[in-house]
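Chemist: Provided herewith is a single structure, encoded as structure tokens, for subsequent inquiry.
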Amino acid sequence: MRQMAAPSGRPPRPGPTAKGRSKAEPASRPANFVRPRSYAAIDLGTNNCRLLIARPQDGELVVIDAFSRIVRLGEGLHGSGRISDAAMDRTVAALAICADKLRRRHVSLSRAVATEACRRADNGVELADRVRRETGIVLDIISAAEEAKLAVLGCHNLMEPGDGPALIFDIGGGSTELMHVDVSDHDVKIHDWISVPWGVVSLTEHAPLPEDSLAGRQAAYSHMRDVTRDAFAAFAERAVQFAGQDLRLLGTSGTVTTLASVFLNLPRYDRRAVDGLVVPTDAMRDISRRLADASIADRAEIACIGRERADLVVAGCAILESIIDLWPAARVGVADRGIREGILRTLAMQGRDVPVTRREYRK
């Protein structure tokens, strides 16, 4: 006869079996069982909320779970100076999913960071307080300097080998960081850096693309290029000293991974094909200008762009071209890794598990 639930909501405990153990009790784990340590990193950007959970294995960090959702946290922020209620709702909903994954994966150490949108918004701290109340996640609103450091730490091993000056850039939703780095023996040092308040969301809202004419779209794109060129001017002056040298360039962002996917003509995004790819600079420029000329409907039809990125990708193209202007490397390295991987690496160091990165630069 089927048992009825006890008043507590739990079934009554069955009697002992012939072997002296309840049927409901699972087989006991070995006395020396230790759950493998796991780490989690959450990057709440101006456009995306992304999570990685990883575990050390054989000297490297192996990803065991991931999550990504476009939340458009910075939507309207450029004009209002505040995060909208709708953007807050979308963000809290995404972070609630992250919190559930952290619990189910028994994460040992985790860190959640928020970047430019929360730095700039008058109510950024209000969002962090709400996230803590409703999800239990503690959001750390980090400085632009720490954002740059984490991005470099997460992707520097994909830098093309060589002795020439190396630049890493991160085109975000609300800001862009440029870092002149020295990479050697799996270590990295930042010599110079700059952060400007132009990312794919903020620049799109500042200079929206008209849909009624090609000439209008070209004029808007030219304005985007002017804005970003002016923003990078001080760094560009310092970069002049490297003119004529064999420059190296590596990008980490949705912009470069999207353009790399278009370059490969992928039917859908494939991280394994994109992460570590090297694309000729001229090809990146050509793709950027073709996308800038295209209507939003035509951009949305491109498999690796789609409707979610069709309105923002052109601003990323403008920023990328301005970076290539000041750092005219022959090739652009592509990294589908950055802040989250940087966080995971620092957490692994705290946990005394210091992994090597799973993939290095590939030819």
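In the structure tokens, the first chain shown is A, the next is B, and so on; residue numbers restart at 1 for each chain, and ligands run from 1 in the order shown.
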Taking the DSSP assignment computed from this structure's backbone, write out as a ChimeraX atom specification all residues of range 238-286 of chain A that belong to strand (DSSP E).
Modeler: /A:248-252,278-280
Chemist: Could you list, as a VMD selection string, every residue within 7 Å of Thr46 in chain A, counting only C-alpha atoms and ignoring same-chain residues fewer than 5 positions away?
Modeler: chain A and resid 72 to 74 116 to 117 173 to 174
Chemist: Go ahead and dump the residues you just picked, N, CA and C atoms, as a PDB file, in the first residue's frame.
Modeler:
ATOM      1  N   ARG A  72      20.396  44.120 -21.070  1.00  0.00           N
ATOM      2  CA  ARG A  72      20.350  45.542 -21.434  1.00  0.00           C
ATOM      3  C   ARG A  72      20.195  46.431 -20.197  1.00  0.00           C
ATOM      4  N   LEU A  73      21.059  46.201 -19.240  1.00  0.00           N
ATOM      5  CA  LEU A  73      21.032  46.964 -17.993  1.00  0.00           C
ATOM      6  C   LEU A  73      21.184  48.460 -18.243  1.00  0.00           C
ATOM      7  N   GLY A  74      22.002  48.824 -19.233  1.00  0.00           N
ATOM      8  CA  GLY A  74      22.271  50.241 -19.481  1.00  0.00           C
ATOM      9  C   GLY A  74      21.312  50.894 -20.459  1.00  0.00           C
ATOM     10  N   GLU A 116      30.454  49.216 -15.899  1.00  0.00           N
ATOM     11  CA  GLU A 116      30.208  50.619 -16.217  1.00  0.00           C
ATOM     12  C   GLU A 116      28.790  51.091 -15.926  1.00  0.00           C
ATOM     13  N   ALA A 117      27.781  50.307 -16.234  1.00  0.00           N
ATOM     14  CA  ALA A 117      26.405  50.770 -16.014  1.00  0.00           C
ATOM     15  C   ALA A 117      26.173  51.093 -14.543  1.00  0.00           C
ATOM     16  N   GLY A 173      29.539  47.148 -23.099  1.00  0.00           N
ATOM     17  CA  GLY A 173      28.293  47.814 -23.417  1.00  0.00           C
ATOM     18  C   GLY A 173      28.319  49.288 -23.105  1.00  0.00           C
ATOM     19  N   GLY A 174      28.997  49.652 -21.988  1.00  0.00           N
ATOM     20  CA  GLY A 174      29.022  51.045 -21.579  1.00  0.00           C
ATOM     21  C   GLY A 174      30.378  51.687 -21.589  1.00  0.00           C
TER      22      GLY A 174
END
Chemist: Restricting the calculation to only C-alpha atoms, which member of A:Ala335, A:Leu95, A:Val107, A:Ala303 is positioned closest to Ser38 in chain A?
Modeler: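 Using only C-alpha atoms, Ser38 in chain A sits closest to A:Val107.
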Chemist: Work out how far apart CA of Ala121 in chain A and CA of Thr257 in chain A are and give it in Å to one decimal.
Modeler: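 Answer for the CA of Ala121 in chain A to CA of Thr257 in chain A separation: 27.5 Å.
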Chemist: Would you list the contacts of range 262-268 of chain A as a PyMOL selection string, taking every protein, DNA or RNA residue within 8 Å and counting only C-alpha atoms, but skipping same-chain residues closer than 4 positions in sequence?
Modeler: chain A and resi 258+279+283-284+287+302-304
Chemist: Would you put the residues from that selection into a file with all heavy atoms, as an mmCIF file, in the first residue's frame?
Modeler:
data_model
loop_
_atom_site.group_PDB
_atom_site.id
_atom_site.type_symbol
_atom_site.label_atom_id
_atom_site.label_comp_id
_atom_site.auth_asym_id
_atom_site.auth_seq_id
_atom_site.Cartn_x
_atom_site.Cartn_y
_atom_site.Cartn_z
ATOM 1 N N THR A 258 31.719 38.364 -32.540
ATOM 2 C CA THR A 258 30.672 38.406 -33.569
ATOM 3 C C THR A 258 31.285 38.602 -34.948
ATOM 4 O O THR A 258 30.928 37.902 -35.911
ATOM 5 C CB THR A 258 29.672 39.540 -33.283
ATOM 6 O OG1 THR A 258 29.014 39.287 -32.032
ATOM 7 C CG2 THR A 258 28.628 39.649 -34.379
ATOM 8 N N VAL A 279 42.394 37.056 -37.061
ATOM 9 C CA VAL A 279 41.751 37.538 -38.286
ATOM 10 C C VAL A 279 42.569 38.692 -38.860
ATOM 11 O O VAL A 279 42.980 39.585 -38.108
ATOM 12 C CB VAL A 279 40.309 38.020 -37.990
ATOM 13 C CG1 VAL A 279 39.628 38.507 -39.269
ATOM 14 C CG2 VAL A 279 39.497 36.906 -37.345
ATOM 15 N N ALA A 283 40.337 42.403 -43.058
ATOM 16 C CA ALA A 283 39.063 41.687 -43.090
ATOM 17 C C ALA A 283 38.118 42.233 -42.025
ATOM 18 O O ALA A 283 36.905 42.380 -42.274
ATOM 19 C CB ALA A 283 39.290 40.197 -42.877
ATOM 20 N N MET A 284 38.657 42.575 -40.853
ATOM 21 C CA MET A 284 37.830 43.163 -39.803
ATOM 22 C C MET A 284 37.269 44.515 -40.249
ATOM 23 O O MET A 284 36.099 44.836 -40.003
ATOM 24 C CB MET A 284 38.636 43.317 -38.512
ATOM 25 C CG MET A 284 38.842 42.031 -37.738
ATOM 26 S SD MET A 284 37.296 41.353 -37.081
ATOM 27 C CE MET A 284 37.897 40.379 -35.710
ATOM 28 N N ILE A 287 34.448 43.903 -42.911
ATOM 29 C CA ILE A 287 33.204 43.445 -42.291
ATOM 30 C C ILE A 287 32.525 44.589 -41.551
ATOM 31 O O ILE A 287 31.300 44.773 -41.627
ATOM 32 C CB ILE A 287 33.479 42.267 -41.335
ATOM 33 C CG1 ILE A 287 33.965 41.048 -42.116
ATOM 34 C CG2 ILE A 287 32.225 41.917 -40.529
ATOM 35 C CD1 ILE A 287 34.529 39.945 -41.236
ATOM 36 N N ILE A 302 21.810 37.989 -40.579
ATOM 37 C CA ILE A 302 23.098 37.306 -40.493
ATOM 38 C C ILE A 302 23.068 36.399 -39.269
ATOM 39 O O ILE A 302 22.805 36.846 -38.141
ATOM 40 C CB ILE A 302 24.255 38.317 -40.404
ATOM 41 C CG1 ILE A 302 24.264 39.208 -41.652
ATOM 42 C CG2 ILE A 302 25.594 37.596 -40.252
ATOM 43 C CD1 ILE A 302 25.264 40.344 -41.587
ATOM 44 N N ALA A 303 23.341 35.120 -39.482
ATOM 45 C CA ALA A 303 23.103 34.106 -38.452
ATOM 46 C C ALA A 303 23.772 34.429 -37.117
ATOM 47 O O ALA A 303 23.175 34.239 -36.057
ATOM 48 C CB ALA A 303 23.572 32.744 -38.966
ATOM 49 N N CYS A 304 24.997 34.902 -37.159
ATOM 50 C CA CYS A 304 25.744 35.114 -35.920
ATOM 51 C C CYS A 304 25.490 36.475 -35.284
ATOM 52 O O CYS A 304 26.119 36.814 -34.272
ATOM 53 C CB CYS A 304 27.238 34.939 -36.175
ATOM 54 S SG CYS A 304 27.666 33.249 -36.645
#
Chemist: Between A:Arg103, A:Arg248, A:Arg238, A:Arg340, which is the closest to Asp192 in chain A once you count only C-alpha atoms?
Modeler: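 Looking only at the distances to Asp192 in chain A, the closest residue turns out to be A:Arg238.
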Chemist: Would you list the contacts of range 251-253 of chain A as a list in words, taking every protein, DNA or RNA residue within 8 Å and counting only C-alpha atoms, but skipping same-chain residues closer than 3 positions in sequence?
Modeler: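 Returned residues: Ala151, Cys155, Ile168, Phe169, Asp170, Ile171, Gly172, Val256, Thr257, Val332, Gly333, Val334, Ala335, Asp336, Arg337 and Gly338 of chain A.
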Chemist: Tell me which protein, DNA and RNA residues are within 12 Å of Ser108 in chain A, counting only C-alpha atoms, leaving out same-chain ones fewer than 3 positions away, and put them as a list of chain:residue names.
Modeler: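 Once the adjacent positions are removed, what remains is A:Arg35, A:Pro36, A:Arg37, A:Ser38, A:Tyr39, A:Ala40, A:Ala41, A:Ile53, A:Ala54, A:Arg55, A:Pro56, A:Leu102, A:Arg103, A:Arg104, A:Arg105, A:Arg111, A:Leu344, A:Leu347, A:Ala348, A:Gln350, A:Gly351.
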Chemist: Write out as a count of residues only each polymer residue whose atoms come within 7 Å of Asn48 in chain A, counting only C-alpha atoms; drop sequence neighbours fewer than 2 positions from it.
Modeler: 9
Chemist: Calculated over only C-alpha atoms, which of the candidates A:Ile64, A:Met159, A:Val188, A:Ala318 has the smallest distance to His106 in chain A?
Modeler: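 Residue with the minimum atom-to-atom distance to His106 in chain A: A:Ile64.
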Chemist: Here is a test: counting only C-alpha atoms, which residue of A:Ile339, A:Ser80, A:Cys49, A:Ala310 is nearest to Ala148 in chain A?
Modeler: A:Ile339
